[in-house]
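Text of the file target-v6.txt, holding compact mmCIF, C-alpha atoms:
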```txt
# COMPACT_ATOMS: atom_id res chain seq x y z
CA MET U 260 -20.17 -38.99 -27.89
CA HIS U 261 -23.69 -38.15 -26.78
CA ASN U 262 -26.57 -40.02 -28.28
CA GLY U 263 -29.13 -37.48 -29.40
CA ARG U 264 -32.12 -39.72 -28.85
CA VAL U 265 -31.15 -40.69 -25.34
CA SER U 266 -30.57 -37.03 -24.64
CA GLU U 267 -34.01 -36.05 -25.87
CA ALA U 268 -35.68 -38.87 -23.99
CA VAL U 269 -33.97 -37.97 -20.75
CA GLU U 270 -34.77 -34.33 -21.21
CA ARG U 271 -38.37 -35.13 -21.90
CA ARG U 272 -38.49 -37.29 -18.80
CA GLY U 273 -37.07 -34.48 -16.71
CA ARG U 274 -39.28 -31.85 -18.22
CA GLY U 275 -41.75 -31.63 -15.36
CA ARG U 276 -39.10 -30.24 -13.03
CA PRO U 277 -37.02 -27.57 -14.80
CA ARG U 278 -37.64 -23.99 -13.80
CA LYS U 279 -37.04 -23.07 -17.41
CA ALA U 280 -36.85 -25.05 -20.61
CA HIS U 281 -33.35 -25.69 -21.95
CA GLY U 282 -32.14 -26.91 -25.33
CA ALA U 283 -29.55 -29.69 -25.16
CA GLY U 284 -26.61 -27.26 -25.39
CA SER U 285 -27.98 -24.81 -22.87
CA THR U 286 -29.01 -27.61 -20.50
CA ARG U 287 -25.43 -28.79 -20.37
CA ALA U 288 -24.24 -25.20 -19.95
CA ALA U 289 -26.74 -24.63 -17.13
CA ILE U 290 -25.47 -27.73 -15.35
CA VAL U 291 -21.85 -26.64 -15.70
CA LYS U 292 -22.71 -23.20 -14.36
CA ALA U 293 -24.58 -24.69 -11.40
CA ALA U 294 -21.64 -27.04 -10.77
CA SER U 295 -19.17 -24.15 -10.69
CA GLU U 296 -21.27 -22.46 -8.03
CA GLU U 297 -21.68 -25.66 -6.04
CA PHE U 298 -17.94 -26.45 -6.09
CA VAL U 299 -16.95 -22.93 -5.12
CA GLU U 300 -19.44 -22.79 -2.25
CA ARG U 301 -19.07 -26.29 -0.86
CA GLY U 302 -15.68 -27.53 -2.05
CA TYR U 303 -15.08 -30.70 -4.04
CA GLU U 304 -15.70 -33.20 -1.25
CA ALA U 305 -19.03 -31.84 -0.04
CA ALA U 306 -20.47 -30.96 -3.46
CA SER U 307 -23.17 -33.34 -4.66
CA LEU U 308 -24.55 -34.02 -8.11
CA ARG U 309 -28.06 -33.86 -6.71
CA ALA U 310 -27.46 -30.34 -5.41
CA VAL U 311 -26.03 -29.37 -8.80
CA ALA U 312 -29.19 -30.64 -10.51
CA ARG U 313 -31.32 -28.67 -8.07
CA ARG U 314 -29.35 -25.49 -8.69
CA ALA U 315 -29.65 -25.96 -12.45
CA GLY U 316 -33.34 -26.74 -12.17
CA VAL U 317 -32.99 -30.07 -14.00
CA ASP U 318 -33.54 -33.70 -13.10
CA SER U 319 -30.54 -35.52 -11.59
CA ALA U 320 -30.74 -38.03 -14.44
CA LEU U 321 -29.76 -35.27 -16.83
CA VAL U 322 -26.59 -34.53 -14.87
CA HIS U 323 -25.68 -38.20 -15.10
CA HIS U 324 -26.53 -38.20 -18.77
CA TYR U 325 -24.14 -35.40 -19.62
CA PHE U 326 -21.40 -36.12 -17.11
CA ASP U 327 -19.56 -39.20 -16.04
CA GLY U 328 -19.64 -38.45 -12.31
CA LYS U 329 -18.29 -35.69 -10.10
CA ALA U 330 -14.72 -35.66 -11.45
CA ASP U 331 -16.00 -35.17 -14.98
CA LEU U 332 -18.35 -32.39 -13.93
CA PHE U 333 -15.54 -30.74 -11.98
CA ALA U 334 -13.24 -30.84 -15.01
CA ALA U 335 -16.02 -29.29 -17.11
CA SER U 336 -16.73 -26.59 -14.53
CA LEU U 337 -13.06 -25.57 -14.59
CA GLU U 338 -12.92 -26.03 -18.36
CA ALA U 339 -10.04 -28.34 -17.54
CA PRO U 340 -8.10 -29.36 -20.64
CA LEU U 341 -7.89 -32.94 -19.45
CA ARG U 342 -9.12 -35.12 -16.64
CA PRO U 343 -6.18 -35.97 -14.42
CA ASP U 344 -7.96 -39.04 -13.10
CA ARG U 345 -8.33 -40.28 -16.69
CA VAL U 346 -4.70 -39.57 -17.46
CA LEU U 347 -3.76 -41.70 -14.48
CA GLU U 348 -6.06 -44.48 -15.59
CA VAL U 349 -4.11 -44.71 -18.84
CA VAL U 350 -0.72 -44.24 -17.22
CA LEU U 351 -1.20 -46.65 -14.34
CA SER U 352 -2.04 -49.44 -16.75
CA ALA U 353 1.62 -49.32 -17.84
CA PRO U 354 4.21 -51.64 -16.31
CA ARG U 355 5.46 -50.28 -12.98
CA GLY U 356 8.86 -49.42 -14.43
CA GLU U 357 7.36 -47.18 -17.11
CA VAL U 358 4.81 -45.17 -15.14
CA GLY U 359 6.96 -42.02 -14.86
CA GLU U 360 7.89 -41.76 -18.52
CA ARG U 361 4.38 -42.57 -19.72
CA LEU U 362 2.89 -39.97 -17.39
CA VAL U 363 5.13 -37.17 -18.63
CA LEU U 364 4.77 -38.17 -22.28
CA PHE U 365 0.99 -38.50 -22.16
CA LEU U 366 0.52 -35.27 -20.26
CA CYS U 367 2.73 -33.24 -22.63
CA GLU U 368 1.05 -34.70 -25.68
CA GLN U 369 -2.36 -33.79 -24.27
CA LEU U 370 -1.38 -30.27 -23.29
CA ASP U 371 0.65 -29.45 -26.40
CA ASP U 372 -2.27 -27.61 -27.85
CA GLU U 373 -2.60 -23.90 -27.36
CA ARG U 374 -6.20 -24.08 -26.25
CA ALA U 375 -5.50 -26.88 -23.80
CA ALA U 376 -2.60 -24.94 -22.33
CA LYS U 377 -4.76 -21.83 -21.90
CA ARG U 378 -7.40 -23.83 -20.08
CA MET U 379 -4.73 -25.29 -17.84
CA VAL U 380 -3.80 -21.75 -16.83
CA VAL U 381 -7.42 -21.21 -15.79
CA VAL U 382 -7.26 -24.30 -13.57
CA LEU U 383 -4.02 -23.19 -11.95
CA ARG U 384 -5.40 -19.70 -11.50
CA THR U 385 -8.36 -21.23 -9.70
CA ALA U 386 -5.99 -23.16 -7.45
CA LEU U 387 -4.17 -19.94 -6.63
CA GLY U 388 -7.32 -17.90 -6.23
CA SER U 389 -9.13 -17.13 -3.03
CA GLY U 390 -9.78 -19.76 -0.38
CA PRO U 391 -12.61 -21.73 -2.04
CA GLY U 392 -10.69 -22.18 -5.32
CA THR U 393 -7.63 -23.55 -3.59
CA ARG U 394 -9.67 -25.88 -1.42
CA MET U 395 -11.65 -27.10 -4.41
CA VAL U 396 -8.56 -28.02 -6.43
CA ARG U 397 -6.79 -29.48 -3.37
CA GLU U 398 -9.74 -31.72 -2.56
CA PHE U 399 -10.07 -32.81 -6.16
CA LEU U 400 -6.38 -33.68 -6.44
CA ALA U 401 -6.36 -35.53 -3.13
CA ARG U 402 -9.48 -37.52 -3.89
CA GLU U 403 -9.10 -38.26 -7.60
CA VAL U 404 -5.37 -38.17 -8.27
CA LEU U 405 -3.12 -38.55 -5.25
CA SER U 406 -5.12 -41.40 -3.76
CA ARG U 407 -4.26 -43.46 -6.84
CA LEU U 408 -0.57 -42.65 -6.60
CA VAL U 409 -0.64 -43.48 -2.90
CA ALA U 410 -2.16 -46.86 -3.74
CA LEU U 411 0.99 -47.67 -5.72
CA ASN U 412 2.88 -47.92 -2.42
CA GLU U 413 0.03 -49.15 -0.30
CA GLY U 414 1.00 -49.63 3.31
CA ALA U 415 4.34 -47.83 3.04
CA ALA U 416 4.80 -45.05 5.61
CA ASP U 417 5.99 -42.61 2.94
CA ALA U 418 3.37 -43.47 0.29
CA GLY U 419 1.66 -40.10 0.69
CA LEU U 420 4.83 -38.08 0.53
CA ARG U 421 6.02 -39.98 -2.53
CA ALA U 422 2.72 -39.25 -4.28
CA ASP U 423 2.86 -35.55 -3.38
CA LEU U 424 6.43 -35.15 -4.61
CA ALA U 425 5.73 -36.92 -7.89
CA ALA U 426 2.80 -34.52 -8.32
CA ALA U 427 5.09 -31.61 -7.43
CA GLN U 428 7.44 -32.44 -10.29
CA VAL U 429 4.54 -32.69 -12.73
CA VAL U 430 2.84 -29.49 -11.52
CA GLY U 431 6.17 -27.66 -11.79
CA LEU U 432 6.66 -28.93 -15.33
CA ILE U 433 3.22 -27.62 -16.26
CA MET U 434 3.99 -24.25 -14.65
CA THR U 435 7.35 -23.77 -16.39
CA ARG U 436 6.41 -25.20 -19.80
CA TYR U 437 2.82 -24.06 -20.27
CA VAL U 438 2.27 -21.12 -17.93
CA LEU U 439 5.59 -19.31 -17.72
CA ALA U 440 6.64 -20.69 -21.12
CA LEU U 441 10.28 -20.63 -20.09
CA GLU U 442 12.74 -21.52 -22.82
CA PRO U 443 14.02 -24.06 -23.64
CA VAL U 444 11.58 -26.21 -21.66
CA ALA U 445 8.59 -24.74 -23.52
CA SER U 446 9.98 -25.92 -26.87
CA ALA U 447 11.39 -29.29 -25.80
CA THR U 448 9.74 -32.34 -27.35
CA PRO U 449 7.47 -34.50 -25.20
CA ALA U 450 9.89 -37.39 -25.79
CA GLU U 451 12.84 -35.38 -24.49
CA LEU U 452 10.87 -34.35 -21.41
CA ALA U 453 9.69 -37.90 -20.81
CA ARG U 454 13.32 -39.00 -20.95
CA ARG U 455 14.45 -36.40 -18.43
CA VAL U 456 11.47 -35.98 -16.12
CA GLY U 457 9.99 -39.47 -16.32
CA PRO U 458 12.79 -41.02 -14.24
CA VAL U 459 12.29 -38.35 -11.59
CA VAL U 460 8.60 -39.20 -11.24
CA GLN U 461 9.63 -42.84 -11.13
CA TRP U 462 12.20 -42.05 -8.45
CA HIS U 463 9.74 -40.17 -6.28
CA LEU U 464 7.24 -42.99 -6.55
CA PHE U 465 9.43 -46.05 -6.38
CA GLY U 466 13.04 -45.03 -5.83
CA ALA U 467 15.17 -46.31 -2.98
CA PRO U 468 15.06 -43.93 -0.01
CA LEU U 469 17.33 -41.10 -1.08
CA GLY U 470 20.39 -39.82 0.69
CA ALA U 471 20.46 -43.02 2.76
CA MET T 252 19.39 -1.79 7.40
CA HIS T 253 18.92 1.79 6.19
CA ASN T 254 21.04 4.51 7.61
CA GLY T 255 18.74 7.32 8.64
CA ARG T 256 21.22 10.10 8.05
CA VAL T 257 22.16 8.95 4.57
CA SER T 258 18.45 8.68 3.85
CA GLU T 259 17.77 12.24 4.95
CA ALA T 260 20.77 13.54 3.05
CA VAL T 261 19.74 11.82 -0.15
CA GLU T 262 16.18 12.98 0.24
CA ARG T 263 17.31 16.52 0.82
CA ARG T 264 19.49 16.32 -2.26
CA GLY T 265 16.57 15.09 -4.35
CA ARG T 266 14.14 17.57 -2.94
CA GLY T 267 14.18 19.93 -5.92
CA ARG T 268 12.56 17.28 -8.09
CA PRO T 269 9.73 15.52 -6.22
CA ARG T 270 6.22 16.36 -7.31
CA LYS T 271 5.22 15.97 -3.70
CA ALA T 272 7.16 15.73 -0.49
CA HIS T 273 7.46 12.23 0.99
CA GLY T 274 8.50 11.04 4.44
CA ALA T 275 11.04 8.19 4.39
CA GLY T 276 8.32 5.51 4.63
CA SER T 277 6.07 7.02 2.05
CA THR T 278 8.99 7.72 -0.29
CA ARG T 279 9.85 4.07 -0.28
CA ALA T 280 6.17 3.18 -0.76
CA ALA T 281 5.88 5.63 -3.65
CA ILE T 282 8.91 4.04 -5.33
CA VAL T 283 7.48 0.54 -4.89
CA LYS T 284 4.15 1.66 -6.35
CA ALA T 285 5.86 3.29 -9.31
CA ALA T 286 7.96 0.16 -9.81
CA SER T 287 4.87 -2.06 -9.90
CA GLU T 288 3.42 0.11 -12.66
CA GLU T 289 6.69 0.19 -14.58
CA PHE T 290 7.15 -3.62 -14.41
CA VAL T 291 3.57 -4.31 -15.44
CA GLU T 292 3.72 -1.91 -18.37
CA ARG T 293 7.19 -2.62 -19.68
CA GLY T 294 8.12 -6.07 -18.35
CA TYR T 295 11.17 -6.88 -16.26
CA GLU T 296 13.78 -6.55 -19.02
CA ALA T 297 12.74 -3.16 -20.34
CA ALA T 298 11.92 -1.55 -17.00
CA SER T 299 14.50 0.97 -15.82
CA LEU T 300 15.23 2.37 -12.40
CA ARG T 301 15.40 5.84 -13.89
CA ALA T 302 11.87 5.52 -15.25
CA VAL T 303 10.70 4.27 -11.85
CA ALA T 304 12.21 7.34 -10.20
CA ARG T 305 10.49 9.57 -12.74
CA ARG T 306 7.12 7.90 -12.14
CA ALA T 307 7.56 8.27 -8.37
CA GLY T 308 8.67 11.86 -8.72
CA VAL T 309 11.91 11.28 -6.84
CA ASP T 310 15.59 11.48 -7.66
CA SER T 311 17.16 8.30 -9.04
CA ALA T 312 19.63 8.37 -6.15
CA LEU T 313 16.74 7.68 -3.80
CA VAL T 314 15.76 4.55 -5.68
CA HIS T 315 19.34 3.33 -5.35
CA HIS T 316 19.34 4.30 -1.71
CA TYR T 317 16.32 2.19 -0.85
CA PHE T 318 16.86 -0.70 -3.26
CA ASP T 319 19.80 -2.80 -4.19
CA GLY T 320 19.11 -2.78 -7.92
CA LYS T 321 16.32 -3.95 -10.18
CA ALA T 322 15.94 -7.46 -8.73
CA ASP T 323 15.49 -6.03 -5.26
CA LEU T 324 12.93 -3.50 -6.43
CA PHE T 325 11.08 -6.20 -8.34
CA ALA T 326 10.92 -8.42 -5.27
CA ALA T 327 9.58 -5.47 -3.27
CA SER T 328 7.00 -4.60 -5.92
CA LEU T 329 5.68 -8.17 -5.78
CA GLU T 330 6.03 -8.25 -2.00
CA ALA T 331 8.10 -11.35 -2.70
CA PRO T 332 8.91 -13.29 0.45
CA LEU T 333 12.48 -13.84 -0.66
CA ARG T 334 14.81 -12.87 -3.44
CA PRO T 335 15.45 -15.93 -5.58
CA ASP T 336 18.69 -14.44 -6.85
CA ARG T 337 19.89 -14.09 -3.25
CA VAL T 338 18.85 -17.63 -2.41
CA LEU T 339 20.96 -18.80 -5.32
CA GLU T 340 23.90 -16.73 -4.20
CA VAL T 341 23.90 -18.61 -0.89
CA VAL T 342 23.19 -21.99 -2.45
CA LEU T 343 25.69 -21.78 -5.27
CA SER T 344 28.48 -21.13 -2.83
CA ALA T 345 28.02 -24.75 -1.65
CA PRO T 346 30.15 -27.55 -3.07
CA ARG T 347 28.75 -28.76 -6.40
CA GLY T 348 27.57 -32.04 -4.89
CA GLU T 349 25.41 -30.28 -2.31
CA VAL T 350 23.66 -27.62 -4.37
CA GLY T 351 20.36 -29.51 -4.70
CA GLU T 352 19.93 -30.31 -1.02
CA ARG T 353 21.02 -26.87 0.12
CA LEU T 354 18.61 -25.21 -2.30
CA VAL T 355 15.60 -27.18 -1.07
CA LEU T 356 16.55 -26.83 2.58
CA PHE T 357 17.19 -23.09 2.40
CA LEU T 358 14.05 -22.40 0.40
CA CYS T 359 11.80 -24.37 2.76
CA GLU T 360 13.33 -22.74 5.81
CA GLN T 361 12.74 -19.30 4.30
CA LEU T 362 9.17 -20.01 3.26
CA ASP T 363 8.12 -21.88 6.41
CA ASP T 364 6.50 -18.79 7.76
CA GLU T 365 2.84 -18.17 7.17
CA ARG T 366 3.37 -14.61 5.98
CA ALA T 367 6.14 -15.62 3.61
CA ALA T 368 3.99 -18.38 2.16
CA LYS T 369 1.08 -15.97 1.62
CA ARG T 370 3.32 -13.54 -0.20
CA MET T 371 4.61 -16.39 -2.37
CA VAL T 372 1.02 -17.04 -3.43
CA VAL T 373 0.82 -13.41 -4.56
CA VAL T 374 3.91 -13.87 -6.71
CA LEU T 375 2.58 -17.05 -8.29
CA ARG T 376 -0.78 -15.39 -8.84
CA THR T 377 1.04 -12.61 -10.68
CA ALA T 378 2.81 -15.20 -12.82
CA LEU T 379 -0.54 -16.76 -13.67
CA GLY T 380 -2.29 -13.46 -14.19
CA SER T 381 -2.82 -11.63 -17.44
CA GLY T 382 -0.08 -11.31 -20.07
CA PRO T 383 2.09 -8.64 -18.42
CA GLY T 384 2.30 -10.48 -15.09
CA THR T 385 3.43 -13.69 -16.72
CA ARG T 386 5.99 -11.92 -18.89
CA MET T 387 7.30 -9.97 -15.90
CA VAL T 388 7.91 -13.08 -13.80
CA ARG T 389 9.28 -15.03 -16.78
CA GLU T 390 11.78 -12.30 -17.60
CA PHE T 391 12.82 -11.98 -13.98
CA LEU T 392 13.37 -15.72 -13.61
CA ALA T 393 15.28 -15.97 -16.88
CA ARG T 394 17.52 -13.03 -16.13
CA GLU T 395 18.13 -13.37 -12.41
CA VAL T 396 17.71 -17.06 -11.64
CA LEU T 397 17.95 -19.40 -14.60
CA SER T 398 21.01 -17.69 -16.06
CA ARG T 399 22.93 -18.65 -12.92
CA LEU T 400 21.80 -22.25 -13.10
CA VAL T 401 22.71 -22.34 -16.79
CA ALA T 402 26.19 -21.11 -15.91
CA LEU T 403 26.69 -24.26 -13.82
CA ASN T 404 26.85 -26.23 -17.06
CA GLU T 405 28.35 -23.55 -19.24
CA GLY T 406 28.83 -24.66 -22.80
CA ALA T 407 26.73 -27.83 -22.50
CA ALA T 408 23.99 -28.11 -25.11
CA ASP T 409 21.42 -29.01 -22.49
CA ALA T 410 22.44 -26.42 -19.87
CA GLY T 411 19.22 -24.44 -20.40
CA LEU T 412 16.92 -27.42 -20.21
CA ARG T 413 18.66 -28.69 -17.08
CA ALA T 414 18.17 -25.31 -15.42
CA ASP T 415 14.50 -25.15 -16.41
CA LEU T 416 13.77 -28.64 -15.11
CA ALA T 417 15.51 -28.02 -11.80
CA ALA T 418 13.37 -24.88 -11.51
CA ALA T 419 10.30 -26.95 -12.41
CA GLN T 420 10.86 -29.30 -9.47
CA VAL T 421 11.30 -26.35 -7.10
CA VAL T 422 8.29 -24.44 -8.42
CA GLY T 423 6.18 -27.59 -8.12
CA LEU T 424 7.32 -28.10 -4.54
CA ILE T 425 6.30 -24.53 -3.72
CA MET T 426 2.90 -25.04 -5.39
CA THR T 427 2.10 -28.31 -3.59
CA ARG T 428 3.53 -27.43 -0.17
CA TYR T 429 2.68 -23.75 0.20
CA VAL T 430 -0.14 -23.00 -2.23
CA LEU T 431 -2.22 -26.16 -2.41
CA ALA T 432 -1.02 -27.24 1.05
CA LEU T 433 -1.36 -30.89 0.09
CA GLU T 434 -0.73 -33.33 2.89
CA PRO T 435 1.65 -34.82 3.81
CA VAL T 436 4.05 -32.62 1.82
CA ALA T 437 2.80 -29.47 3.58
CA SER T 438 3.79 -30.87 6.98
CA ALA T 439 7.05 -32.58 6.03
CA THR T 440 10.19 -31.15 7.61
CA PRO T 441 12.59 -29.11 5.47
CA ALA T 442 15.25 -31.76 6.19
CA GLU T 443 13.02 -34.56 4.90
CA LEU T 444 12.23 -32.59 1.75
CA ALA T 445 15.89 -31.72 1.22
CA ARG T 446 16.66 -35.43 1.47
CA ARG T 447 14.02 -36.40 -1.09
CA VAL T 448 13.92 -33.45 -3.48
CA GLY T 449 17.52 -32.25 -3.23
CA PRO T 450 18.88 -35.23 -5.19
CA VAL T 451 16.31 -34.58 -7.92
CA VAL T 452 17.47 -30.98 -8.33
CA GLN T 453 21.02 -32.33 -8.33
CA TRP T 454 20.07 -34.87 -10.96
CA HIS T 455 18.45 -32.32 -13.24
CA LEU T 456 21.48 -30.06 -12.95
CA PHE T 457 24.35 -32.50 -13.01
CA GLY T 458 23.04 -36.05 -13.48
CA ALA T 459 24.19 -38.33 -16.25
CA PRO T 460 21.85 -38.10 -19.25
CA LEU T 461 18.86 -40.11 -18.16
CA GLY T 462 17.41 -43.10 -19.87
CA ALA T 463 20.58 -43.42 -21.91
```
Please re-express this file's structure in structure tokens.
Amino acid sequence: MHNGRVSEAVERRGRGRPRKAHGAGSTRAAIVKAASEEFVERGYEAASLRAVARRAGVDSALVHHYFDGKADLFAASLEAPLRPDRVLEVVLSAPRGEVGERLVLFLCEQLDDERAAKRMVVVLRTALGSGPGTRMVREFLAREVLSRLVALNEGAADAGLRADLAAAQVVGLIMTRYVLALEPVASATPAELARRVGPVVQWHLFGAPLGA
Amino acid sequence: MHNGRVSEAVERRGRGRPRKAHGAGSTRAAIVKAASEEFVERGYEAASLRAVARRAGVDSALVHHYFDGKADLFAASLEAPLRPDRVLEVVLSAPRGEVGERLVLFLCEQLDDERAAKRMVVVLRTALGSGPGTRMVREFLAREVLSRLVALNEGAADAGLRADLAAAQVVGLIMTRYVLALEPVASATPAELARRVGPVVQWHLFGAPLGA
């Protein structure tokens, strides 16, 4: 995914600035470490890529070389198993009537990997951690994920609540299937879960007002 | 709730055994501490009240005096803000068509208290913690909560999955409203949430097979 020559060129360009010399691998690692600190201290909203570069002692260009913006860097700093904003990009390209099922199917397929599931636990643990961790994850979700779900019902008074409740069903599925590993949900196939949970996501997002 | 005289009598009766003398408050605290250790080491299933008494250096009768069984002691050891098995007791006494709404309404009303919400974070943090914490919470949920939801569809092949998915929606609601405090779900009224999420719980538990 990374072009070695570009990487070397950019590193060479940035070489005047670094406090210490990094190889390609350790440069990336240094940026991720600096990003973790920046996100914890300042939250997702206020964190800046420039400040991350400064903390890591590298040129800003290098941060942009390794990472596709703040969301990508955030995912890397949490060792997130997937980028929720990317998942949504794929899912929201589906016809409106299929968004719920596609979301559940895609998410389960991505997380049905022991390593991915373990990393998801780390993310959730961060969300449940002390103040800064919770704020960080909340701001990330609001900015990168929920805003896109809200846009699906643009202008509607309950667009925000619909987005939150769709997220609630998905977060709960992740908790029960991957974290608590409750049976039988932990062993159900992604297709079965898409069939049962997809319509609920759909309902939260687009359903007629309930109980009316 | 506790009758002082019974308490004294039971403590007097048990007095031959304790390694150290406890006042009523510290006896209870010593039992809770011992229970935490027992649950962490042995999990919810294998933990026994007798072993808790032994660890605390008190007579078993005292454990039964202060706590209404293992679920109660577990809730106390986690400082749980509510006993999920008790919530279900109330909710499952509702007519079948109202279980979902009642569950969401009751749960939100119970947790809409800053202290209760903070203690819920502790429980979820335990669930997300190292191996023993996760196992402990999983075993508790399976034994005390999910089994009752499964019983609602006794004999049906998908009774377990329906129970798990209903739990998933509720757990996700707790995560988004109380832990992440996402807006607007954090500020929505319990009645509004019951109206929107209740039918989903109902649907997971009793709905026609979806997508059929």
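Remark: for Val396 (chain U), the closest of the candidate residues T:Leu433, T:Gly294, T:Gln453, T:Ala275 is T:Leu433 (distances computed over all atoms listed in the file).
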Check: What gap, in Å, lies between CA of Val438 (chain U) and CA of Arg389 (chain T)?
Finding: 9.4 Å
Check: Do you know which residues are at most 8 Å from Ala330 (chain U) counting all atoms listed in the file, after dropping those on the same chain fewer than 6 positions away, and could you put them as a list in words?
Finding: Arg342, Asp344, Phe399 and Glu403 of chain U
Note to self: Using only C-alpha atoms for the distances, tell me which of U:Ala453, U:Arg384, U:Arg407, U:Leu337 is nearest to chain T.
What the structure shows: U:Arg384
9 Å contact set for region 286-296 of chain U, all atoms listed in the file, chain neighbours under 5 positions out, as a PDB file with C-alpha atoms, in the coordinates of the input:
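Ended up saving to result-v2.pdb:
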```
ATOM      1  CA  GLU U 270     -34.770 -34.330 -21.210  1.00  0.00           C
ATOM      2  CA  ALA U 280     -36.850 -25.050 -20.610  1.00  0.00           C
ATOM      3  CA  HIS U 281     -33.350 -25.690 -21.950  1.00  0.00           C
ATOM      4  CA  ARG U 301     -19.070 -26.290  -0.860  1.00  0.00           C
ATOM      5  CA  ALA U 306     -20.470 -30.960  -3.460  1.00  0.00           C
ATOM      6  CA  SER U 307     -23.170 -33.340  -4.660  1.00  0.00           C
ATOM      7  CA  LEU U 308     -24.550 -34.020  -8.110  1.00  0.00           C
ATOM      8  CA  ALA U 310     -27.460 -30.340  -5.410  1.00  0.00           C
ATOM      9  CA  VAL U 311     -26.030 -29.370  -8.800  1.00  0.00           C
ATOM     10  CA  ALA U 312     -29.190 -30.640 -10.510  1.00  0.00           C
ATOM     11  CA  ARG U 313     -31.320 -28.670  -8.070  1.00  0.00           C
ATOM     12  CA  ARG U 314     -29.350 -25.490  -8.690  1.00  0.00           C
ATOM     13  CA  ALA U 315     -29.650 -25.960 -12.450  1.00  0.00           C
ATOM     14  CA  GLY U 316     -33.340 -26.740 -12.170  1.00  0.00           C
ATOM     15  CA  VAL U 317     -32.990 -30.070 -14.000  1.00  0.00           C
ATOM     16  CA  LEU U 321     -29.760 -35.270 -16.830  1.00  0.00           C
ATOM     17  CA  VAL U 322     -26.590 -34.530 -14.870  1.00  0.00           C
ATOM     18  CA  TYR U 325     -24.140 -35.400 -19.620  1.00  0.00           C
ATOM     19  CA  PHE U 326     -21.400 -36.120 -17.110  1.00  0.00           C
ATOM     20  CA  LEU U 332     -18.350 -32.390 -13.930  1.00  0.00           C
ATOM     21  CA  PHE U 333     -15.540 -30.740 -11.980  1.00  0.00           C
ATOM     22  CA  ALA U 335     -16.020 -29.290 -17.110  1.00  0.00           C
ATOM     23  CA  SER U 336     -16.730 -26.590 -14.530  1.00  0.00           C
ATOM     24  CA  LEU U 337     -13.060 -25.570 -14.590  1.00  0.00           C
TER      25      LEU U 337
END
```
Checklist line | Pick from U:Leu347, U:Ala320, U:Val456, U:Ala450, whichever lies nearest to chain T using all atoms listed in the file | finding: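 Among the listed residues, the smallest separation from chain T belongs to U:Val456.
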Check every residue of chain U for an atom within 6 Å of chain T, counting only C-alpha atoms, and provide those that qualify as a PDB file with C-alpha atoms, in the coordinates of the input.
```pdb
ATOM      1  CA  ARG U 397      -6.790 -29.480  -3.370  1.00  0.00           C
ATOM      2  CA  LEU U 420       4.830 -38.080   0.530  1.00  0.00           C
ATOM      3  CA  ALA U 427       5.090 -31.610  -7.430  1.00  0.00           C
ATOM      4  CA  GLN U 428       7.440 -32.440 -10.290  1.00  0.00           C
ATOM      5  CA  VAL U 430       2.840 -29.490 -11.520  1.00  0.00           C
ATOM      6  CA  GLY U 431       6.170 -27.660 -11.790  1.00  0.00           C
ATOM      7  CA  LEU U 432       6.660 -28.930 -15.330  1.00  0.00           C
ATOM      8  CA  THR U 435       7.350 -23.770 -16.390  1.00  0.00           C
ATOM      9  CA  LEU U 439       5.590 -19.310 -17.720  1.00  0.00           C
ATOM     10  CA  PRO U 443      14.020 -24.060 -23.640  1.00  0.00           C
ATOM     11  CA  VAL U 444      11.580 -26.210 -21.660  1.00  0.00           C
ATOM     12  CA  ARG U 454      13.320 -39.000 -20.950  1.00  0.00           C
ATOM     13  CA  ARG U 455      14.450 -36.400 -18.430  1.00  0.00           C
ATOM     14  CA  LEU U 469      17.330 -41.100  -1.080  1.00  0.00           C
ATOM     15  CA  GLY U 470      20.390 -39.820   0.690  1.00  0.00           C
TER      16      GLY U 470
END
```
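Taking CA of Arg378 (chain U) and CA of Ala334 (chain U) as the two end points, the separation is 10.4 Å.
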Notebook entry, point to check: In Å to one decimal, how far is CA of Val355 (chain T) from CA of Thr440 (chain T)?
Noted result: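 Spanning CA of Thr440 (chain T) to CA of Val355 (chain T) is a straight-line distance of 11.0 Å.
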Quick one: 5 Å padding each side, axis-aligned, all listed atoms of region 364-368 of chain T - centre and edge lengths in Å to one decimal, as AutoDock Vina command-line options?
```
--center_x 4.7 --center_y -16.7 --center_z 5.0 --size_x 13.7 --size_y 14.2 --size_z 15.6
```
